[in-house]
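model-v8.cif, holding mmCIF, C-alpha atoms:
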data_work
#
loop_
_atom_site.label_atom_id
_atom_site.label_comp_id
_atom_site.auth_asym_id
_atom_site.auth_seq_id
_atom_site.Cartn_x
_atom_site.Cartn_y
_atom_site.Cartn_z
CA MET A 1 -104.44 6.40 -50.71
CA ASN A 2 -103.91 5.10 -47.18
CA ASN A 3 -103.64 1.57 -45.86
CA ARG A 4 -107.33 1.54 -44.91
CA GLU A 5 -108.26 1.66 -48.60
CA ILE A 6 -107.96 -1.20 -51.06
CA VAL A 7 -108.39 -1.29 -54.81
CA VAL A 8 -110.50 -4.21 -56.00
CA ALA A 9 -109.62 -5.59 -59.42
CA SER A 10 -113.16 -6.20 -60.64
CA ALA A 11 -115.87 -4.52 -62.66
CA ASN A 12 -118.54 -6.88 -61.35
CA GLN A 13 -120.97 -4.72 -59.36
CA GLY A 14 -122.24 -7.69 -57.38
CA LYS A 15 -118.73 -8.56 -56.23
CA LEU A 16 -117.88 -4.93 -55.44
CA ARG A 17 -121.02 -4.65 -53.31
CA GLU A 18 -120.15 -7.84 -51.41
CA PHE A 19 -116.53 -6.76 -50.88
CA SER A 20 -117.67 -3.38 -49.54
CA GLN A 21 -120.06 -5.06 -47.11
CA LEU A 22 -117.48 -7.60 -45.98
CA PHE A 23 -114.61 -5.13 -45.54
CA SER A 24 -116.76 -2.58 -43.72
CA ALA A 25 -116.42 -4.66 -40.54
CA TRP A 26 -112.70 -3.81 -40.56
CA ARG A 27 -113.35 -0.16 -41.47
CA ILE A 28 -111.63 -0.60 -44.82
CA ARG A 29 -112.84 1.37 -47.81
CA VAL A 30 -113.08 -0.52 -51.09
CA LEU A 31 -112.24 1.34 -54.29
CA PRO A 32 -113.18 -0.12 -57.69
CA GLN A 33 -110.38 -0.32 -60.22
CA SER A 34 -112.50 1.81 -62.56
CA GLU A 35 -111.49 4.85 -60.46
CA PHE A 36 -107.96 4.26 -61.75
CA ALA A 37 -108.94 3.52 -65.36
CA VAL A 38 -107.60 -0.02 -65.13
CA PRO A 39 -108.37 -1.82 -68.41
CA ALA A 40 -109.81 -5.32 -68.52
CA VAL A 41 -107.37 -8.21 -68.67
CA ALA A 42 -107.87 -11.62 -70.27
CA GLU A 43 -108.25 -14.39 -67.70
CA THR A 44 -105.85 -16.88 -69.24
CA GLY A 45 -105.01 -18.83 -66.08
CA THR A 46 -105.85 -22.51 -65.66
CA SER A 47 -106.96 -22.23 -62.03
CA PHE A 48 -108.82 -19.82 -59.77
CA GLU A 49 -105.54 -18.82 -58.10
CA GLU A 50 -103.76 -18.13 -61.39
CA ASN A 51 -106.59 -15.92 -62.61
CA ALA A 52 -106.86 -14.06 -59.31
CA LEU A 53 -103.12 -13.36 -59.30
CA LEU A 54 -103.20 -12.27 -62.91
CA LYS A 55 -105.97 -9.76 -62.21
CA ALA A 56 -104.34 -8.51 -59.01
CA ARG A 57 -100.93 -7.90 -60.58
CA HIS A 58 -102.52 -6.25 -63.61
CA GLY A 59 -104.58 -3.98 -61.37
CA ALA A 60 -101.59 -3.05 -59.23
CA ALA A 61 -99.53 -2.18 -62.30
CA HIS A 62 -102.13 0.32 -63.48
CA ALA A 63 -103.50 1.64 -60.18
CA ARG A 64 -100.04 1.77 -58.56
CA HIS A 65 -101.58 0.73 -55.25
CA PRO A 66 -102.07 -2.52 -53.35
CA VAL A 67 -104.86 -4.56 -54.90
CA ILE A 68 -107.07 -7.50 -54.04
CA ALA A 69 -108.62 -9.68 -56.70
CA ASP A 70 -110.68 -12.81 -56.61
CA ASP A 71 -111.61 -15.53 -58.99
CA SER A 72 -114.57 -17.64 -58.15
CA GLY A 73 -117.06 -19.98 -59.69
CA ILE A 74 -119.34 -22.92 -59.24
CA GLU A 75 -118.36 -26.56 -59.67
CA VAL A 76 -121.06 -29.13 -60.39
CA ASP A 77 -120.01 -32.72 -59.76
CA VAL A 78 -122.22 -34.34 -62.40
CA LEU A 79 -120.64 -32.00 -64.97
CA ASN A 80 -117.13 -32.99 -63.93
CA GLY A 81 -116.58 -29.71 -62.11
CA GLU A 82 -117.95 -27.42 -64.81
CA PRO A 83 -118.27 -24.53 -65.25
CA GLY A 84 -115.43 -23.89 -62.75
CA ILE A 85 -113.08 -21.10 -63.83
CA TYR A 86 -115.34 -20.45 -66.82
CA SER A 87 -118.39 -19.69 -64.67
CA ALA A 88 -118.65 -16.03 -65.69
CA ARG A 89 -118.41 -16.87 -69.40
CA TYR A 90 -119.95 -20.34 -69.45
CA ALA A 91 -122.35 -19.46 -72.26
CA GLY A 92 -119.67 -17.54 -74.17
CA ALA A 93 -117.91 -14.18 -74.08
CA GLY A 94 -120.28 -11.44 -72.98
CA ALA A 95 -122.87 -13.92 -71.71
CA SER A 96 -125.34 -12.62 -69.14
CA ASP A 97 -126.03 -14.24 -65.78
CA ALA A 98 -129.31 -15.50 -67.22
CA ASP A 99 -127.54 -17.05 -70.23
CA ASN A 100 -125.03 -18.86 -68.02
CA LEU A 101 -127.71 -20.07 -65.64
CA ALA A 102 -129.90 -21.40 -68.44
CA LEU A 103 -126.99 -23.32 -69.98
CA LEU A 104 -126.05 -24.82 -66.63
CA LEU A 105 -129.59 -26.10 -66.06
CA ARG A 106 -129.80 -27.50 -69.60
CA ASN A 107 -126.52 -29.37 -69.18
CA ILE A 108 -127.58 -30.78 -65.82
CA GLN A 109 -130.88 -31.93 -67.30
CA ALA A 110 -129.03 -33.51 -70.23
CA ALA A 111 -126.86 -35.40 -67.74
CA GLY A 112 -130.03 -36.87 -66.24
CA ALA A 113 -129.29 -35.48 -62.79
CA ARG A 114 -131.62 -33.94 -60.24
CA HIS A 115 -130.31 -31.74 -57.45
CA PRO A 116 -126.64 -32.57 -58.14
CA SER A 117 -124.05 -31.70 -55.53
CA ALA A 118 -122.07 -28.54 -56.20
CA ARG A 119 -119.89 -25.98 -54.54
CA PHE A 120 -118.91 -22.38 -54.91
CA ARG A 121 -115.15 -21.89 -54.74
CA CYS A 122 -113.38 -18.55 -54.27
CA VAL A 123 -109.70 -17.63 -54.21
CA ILE A 124 -108.76 -14.09 -53.14
CA VAL A 125 -105.27 -12.64 -53.40
CA TYR A 126 -103.67 -9.46 -52.13
CA VAL A 127 -100.61 -7.94 -53.77
CA ARG A 128 -98.69 -4.91 -52.58
CA SER A 129 -97.20 -4.27 -56.02
CA PRO A 130 -97.27 -5.83 -59.51
CA ASP A 131 -94.16 -7.90 -58.78
CA ASP A 132 -94.99 -8.83 -55.18
CA ALA A 133 -92.97 -12.00 -54.53
CA GLU A 134 -95.12 -13.01 -51.54
CA PRO A 135 -98.77 -12.42 -52.43
CA LEU A 136 -101.32 -13.35 -49.79
CA VAL A 137 -103.67 -16.10 -51.01
CA ALA A 138 -106.86 -17.29 -49.30
CA GLN A 139 -109.64 -19.67 -50.30
CA GLY A 140 -113.23 -20.38 -49.36
CA ILE A 141 -115.51 -23.29 -50.33
CA TRP A 142 -119.30 -23.39 -49.96
CA GLU A 143 -121.02 -26.76 -50.40
CA GLY A 144 -124.60 -27.23 -51.59
CA TYR A 145 -126.57 -28.52 -54.54
CA ILE A 146 -128.33 -27.23 -57.64
CA VAL A 147 -132.11 -26.89 -57.86
CA ASP A 148 -133.93 -26.78 -61.18
CA LYS A 149 -136.06 -23.70 -60.49
CA PRO A 150 -134.36 -20.37 -59.68
CA ALA A 151 -135.54 -18.70 -56.47
CA GLY A 152 -134.67 -15.44 -54.75
CA SER A 153 -133.65 -11.96 -55.87
CA ASN A 154 -130.55 -11.38 -53.76
CA GLY A 155 -127.07 -12.12 -55.01
CA PHE A 156 -126.06 -12.64 -58.63
CA GLY A 157 -124.74 -15.26 -61.03
CA TYR A 158 -125.71 -18.79 -60.01
CA ASP A 159 -127.08 -17.78 -56.59
CA PRO A 160 -130.75 -18.41 -57.56
CA VAL A 161 -130.15 -22.14 -58.17
CA PHE A 162 -127.56 -22.88 -55.47
CA HIS A 163 -129.39 -24.47 -52.57
CA VAL A 164 -127.84 -24.03 -49.14
CA PRO A 165 -128.75 -27.10 -47.02
CA SER A 166 -127.92 -25.42 -43.70
CA HIS A 167 -130.49 -22.69 -44.38
CA GLY A 168 -133.04 -24.55 -46.48
CA CYS A 169 -133.09 -22.03 -49.32
CA THR A 170 -131.06 -20.79 -52.26
CA SER A 171 -128.17 -18.39 -51.92
CA ALA A 172 -130.28 -15.73 -53.63
CA GLU A 173 -132.91 -16.04 -50.87
CA LEU A 174 -130.44 -15.29 -48.08
CA PRO A 175 -130.24 -11.77 -46.65
CA PRO A 176 -126.87 -10.18 -47.54
CA LEU A 177 -125.51 -10.31 -43.98
CA VAL A 178 -126.37 -13.98 -43.65
CA LYS A 179 -124.88 -14.79 -47.04
CA ASN A 180 -121.66 -12.95 -46.21
CA ALA A 181 -121.35 -14.98 -43.02
CA VAL A 182 -121.42 -18.35 -44.78
CA SER A 183 -120.51 -17.84 -48.44
CA HIS A 184 -117.34 -18.90 -50.23
CA ARG A 185 -116.38 -15.25 -50.74
CA GLY A 186 -117.05 -14.42 -47.11
CA GLN A 187 -114.92 -17.34 -45.96
CA ALA A 188 -112.08 -16.45 -48.32
CA LEU A 189 -112.13 -12.78 -47.37
CA ARG A 190 -112.07 -13.50 -43.64
CA ASN A 191 -109.13 -15.82 -44.22
CA LEU A 192 -107.41 -13.13 -46.26
CA VAL A 193 -107.96 -10.49 -43.60
CA GLU A 194 -106.31 -12.74 -41.02
CA LEU A 195 -103.33 -13.15 -43.34
CA MET A 196 -103.25 -9.38 -43.86
CA LYS A 197 -103.27 -8.81 -40.11
CA GLU A 198 -100.35 -11.23 -39.69
CA ALA A 199 -98.49 -9.41 -42.46
CA LYS A 200 -99.34 -6.06 -40.79
CA ALA A 201 -100.95 -4.83 -44.00
CA PHE A 202 -103.27 -2.57 -42.05
CA GLU A 203 -100.57 -0.69 -40.15
#

Take the structure in this file and express it as structure tokens.
Amino acid sequence: MNNREIVVASANQGKLREFSQLFSAWRIRVLPQSEFAVPAVAETGTSFEENALLKARHGAAHARHPVIADDSGIEVDVLNGEPGIYSARYAGAGASDADNLALLLRNIQAAGARHPSARFRCVIVYVRSPDDAEPLVAQGIWEGYIVDKPAGSNGFGYDPVFHVPSHGCTSAELPPLVKNAVSHRGQALRNLVELMKEAKAFE
């Protein structure tokens, strides 16, 4: 493996697709951790950063290569920031995107809210080794609000109900290139790449 290849500590196909699209601008090839038989790890952290670091260090220990990992989720103000770090398993372990989305809308309705403010938050980390003492950490935040009727077929997770005011549609209705330019993951990754350049990770 050369320094133009990066292992991504994720089995989420939607995330892997977005990472590949985002990193392609820097001519960096993204390799899924499945190519290195990296087993799943329990996300026991209490913050996005803790979970991202946990996954990155775990991936690096098994793949024996530098790894990037992210933890991201949606925070709805009327639900006191839920589902937050539990976004991927909001409706329980093994829940599908549809299950999580349905529970979110039910909880918002129960709270008596309509179009509550929300944000996607993403933290991405890069580690050179499992015990990297100076991991690179970057964050991105995408503000919007929740609509009660899903729309759009692009994206994944909560994208169909996350309305993007600047574009007048949901995240799932945005073309991939447009989404990558404005999304929380796109922001975090661009910030990370700048940190990687400063650290000469690409040389």

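Comparing the minimum interatomic distances between Pro83 of chain A and each of A:Ala98, A:Val8, A:Ala52, A:Ala118, counting all atoms listed in the file, we find that A:Ala118 sits nearest.
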
Practice item. Give me the result of the PyMOL selection byres ((chain A and resi 196) around 12) on this file, residue by residue, as a PyMOL selection string. Key: chain A and resi 3-4+6+26+66+68+124-128+134-138+189-195+197-203

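Residue selection for this entry, given the PyMOL selection byres ((chain A and resi 157-160) around 6), comprises Asp97, Pro150, Ala151, Gly152, Gly155, Phe156, Val161, Phe162, Thr170, Ser171 and Ala172 of chain A.
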
Exercise for review: Quick one: pull the distance between atom CA of Pro116 of chain A and atom CA of Gly92 of chain A, Å, one decimal.
Suggested key: 23.1 Å

**Study point:** Using all atoms listed in the file: which of A:Glu50, A:Glu43, A:Glu35, A:Asp132 has the shortest distance to Ala88 of chain A
**Key:** A:Glu43

Point to revise | Result set of the PyMOL selection byres ((chain A and resi 62) around 9) on the coordinates above, as a list in words | key: Gln33, Phe36, Ala37, Val38, Pro39, Arg57, His58, Gly59, Ala60, Ala61, Ala63, Arg64, His65 and Pro130 of chain A

Practice item. Go ahead and compute the interatomic distance for atom CA of Leu174 of chain A and atom CA of Asn154 of chain A, in Å to one decimal. Key: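 Straight-line distance from atom CA of Leu174 of chain A to atom CA of Asn154 of chain A works out to 6.9 Å.
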
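Relative to atom CA of Gly144 of chain A, atom CA of Val123 of chain A is found at 17.9 Å.
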
Check your understanding: Within 9 Å of Arg29 of chain A, counting only C-alpha atoms, which residues qualify if same-chain residues fewer than 4 places away don't, as a list in words?
Key ->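 Near Arg29 of chain A, the qualifying residues are Arg4, Glu5, Ile6, Val7, Ser20, Phe23 and Ser24 of chain A.
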
Practice item. Tell me which protein, DNA and RNA residues are within 10 Å of Glu18 of chain A, counting all atoms listed in the file, leaving out same-chain ones fewer than 2 positions away, and put them as number ranges by chain. Key: A: 13-16, 20-24, 155, 176-177, 179-180, 185-186

Output file for the selection above: C-alpha atoms, as a PDB file, in the frame of the given file:
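File produced: part-v2.pdb:
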ATOM      1  CA  GLN A  13    -120.970  -4.720 -59.360  1.00  0.00           C
ATOM      2  CA  GLY A  14    -122.240  -7.690 -57.380  1.00  0.00           C
ATOM      3  CA  LYS A  15    -118.730  -8.560 -56.230  1.00  0.00           C
ATOM      4  CA  LEU A  16    -117.880  -4.930 -55.440  1.00  0.00           C
ATOM      5  CA  SER A  20    -117.670  -3.380 -49.540  1.00  0.00           C
ATOM      6  CA  GLN A  21    -120.060  -5.060 -47.110  1.00  0.00           C
ATOM      7  CA  LEU A  22    -117.480  -7.600 -45.980  1.00  0.00           C
ATOM      8  CA  PHE A  23    -114.610  -5.130 -45.540  1.00  0.00           C
ATOM      9  CA  SER A  24    -116.760  -2.580 -43.720  1.00  0.00           C
ATOM     10  CA  GLY A 155    -127.070 -12.120 -55.010  1.00  0.00           C
ATOM     11  CA  PRO A 176    -126.870 -10.180 -47.540  1.00  0.00           C
ATOM     12  CA  LEU A 177    -125.510 -10.310 -43.980  1.00  0.00           C
ATOM     13  CA  LYS A 179    -124.880 -14.790 -47.040  1.00  0.00           C
ATOM     14  CA  ASN A 180    -121.660 -12.950 -46.210  1.00  0.00           C
ATOM     15  CA  ARG A 185    -116.380 -15.250 -50.740  1.00  0.00           C
ATOM     16  CA  GLY A 186    -117.050 -14.420 -47.110  1.00  0.00           C
TER      17      GLY A 186
END

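With distances restricted to all atoms listed in the file, A:Val147 is the closest residue to Ile108 of chain A from A:Ala95, A:Val147, A:Val67, A:Ile141.
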
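If only C-alpha atoms are the atoms counted, then among A:Arg106, A:His167, A:Lys55, A:His184 the closest residue to Gly73 of chain A is A:His184.
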
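For Ser87 of chain A, the residues within 8 Å (counting all atoms listed in the file, excluding itself and residues fewer than 3 positions away along the chain) are Ser72, Gly73, Ile74, Glu82, Pro83, Gly84, Tyr90 and Asn100 of chain A.
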
Practice item. Using all atoms listed in the file, pick whichever of A:His163, A:Arg27, A:Arg119, A:Lys149 has the shortest atom-to-atom distance to Leu101 of chain A. Key: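 Looking at the shortest contact to Leu101 of chain A, the residue is A:Lys149.
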
Taking only C-alpha atoms, show segment 50-112 of chain A of the given structure as a short mmCIF file (atom, residue, chain, number, x, y, z; two decimals), in the first residue's frame.
data_model
loop_
_atom_site.label_atom_id
_atom_site.label_comp_id
_atom_site.auth_asym_id
_atom_site.auth_seq_id
_atom_site.Cartn_x
_atom_site.Cartn_y
_atom_site.Cartn_z
CA GLU A 50 -14.36 9.06 20.68
CA ASN A 51 -16.18 6.65 18.40
CA ALA A 52 -14.26 7.78 15.31
CA LEU A 53 -10.94 7.31 17.11
CA LEU A 54 -12.00 3.94 18.43
CA LYS A 55 -12.87 2.71 14.93
CA ALA A 56 -9.71 4.19 13.39
CA ARG A 57 -7.34 2.64 15.92
CA HIS A 58 -9.13 -0.70 15.70
CA GLY A 59 -8.91 -0.64 11.90
CA ALA A 60 -5.22 0.29 11.94
CA ALA A 61 -4.44 -2.54 14.36
CA HIS A 62 -5.93 -5.12 12.01
CA ALA A 63 -5.13 -3.62 8.59
CA ARG A 64 -1.63 -2.53 9.66
CA HIS A 65 -1.98 0.59 7.53
CA PRO A 66 -3.01 4.21 8.09
CA VAL A 67 -6.77 4.47 8.50
CA ILE A 68 -9.47 7.11 8.42
CA ALA A 69 -12.73 6.66 10.26
CA ASP A 70 -15.70 8.87 10.82
CA ASP A 71 -18.59 9.00 13.19
CA SER A 72 -21.56 11.06 12.20
CA GLY A 73 -25.20 11.54 12.96
CA ILE A 74 -28.12 13.88 13.08
CA GLU A 75 -29.07 16.06 16.02
CA VAL A 76 -32.65 17.30 16.33
CA ASP A 77 -33.10 20.22 18.71
CA VAL A 78 -36.65 19.41 19.81
CA LEU A 79 -35.41 15.93 20.79
CA ASN A 80 -32.58 17.38 22.88
CA GLY A 81 -29.99 16.45 20.27
CA GLU A 82 -31.19 12.92 19.62
CA PRO A 83 -30.38 10.61 17.98
CA GLY A 84 -26.81 12.00 17.90
CA ILE A 85 -24.15 9.30 18.26
CA TYR A 86 -26.89 6.67 18.20
CA SER A 87 -28.16 7.71 14.75
CA ALA A 88 -27.20 4.46 13.02
CA ARG A 89 -28.87 2.34 15.72
CA TYR A 90 -31.63 4.68 16.86
CA ALA A 91 -34.32 2.02 16.49
CA GLY A 92 -32.10 -0.67 18.01
CA ALA A 93 -29.20 -2.91 17.03
CA GLY A 94 -29.49 -4.00 13.42
CA ALA A 95 -32.13 -1.38 12.63
CA SER A 96 -32.51 -0.41 8.98
CA ASP A 97 -32.41 3.15 7.66
CA ALA A 98 -36.18 2.96 7.25
CA ASP A 99 -36.64 1.84 10.87
CA ASN A 100 -34.51 4.70 12.20
CA LEU A 101 -36.23 7.25 10.00
CA ALA A 102 -39.70 6.12 11.04
CA LEU A 103 -38.81 6.32 14.73
CA LEU A 104 -37.34 9.79 14.31
CA LEU A 105 -40.51 11.08 12.65
CA ARG A 106 -42.72 9.46 15.31
CA ASN A 107 -40.71 11.05 18.11
CA ILE A 108 -40.82 14.47 16.45
CA GLN A 109 -44.58 14.17 15.99
CA ALA A 110 -44.95 13.13 19.63
CA ALA A 111 -43.01 16.24 20.64
CA GLY A 112 -45.60 18.33 18.80
#
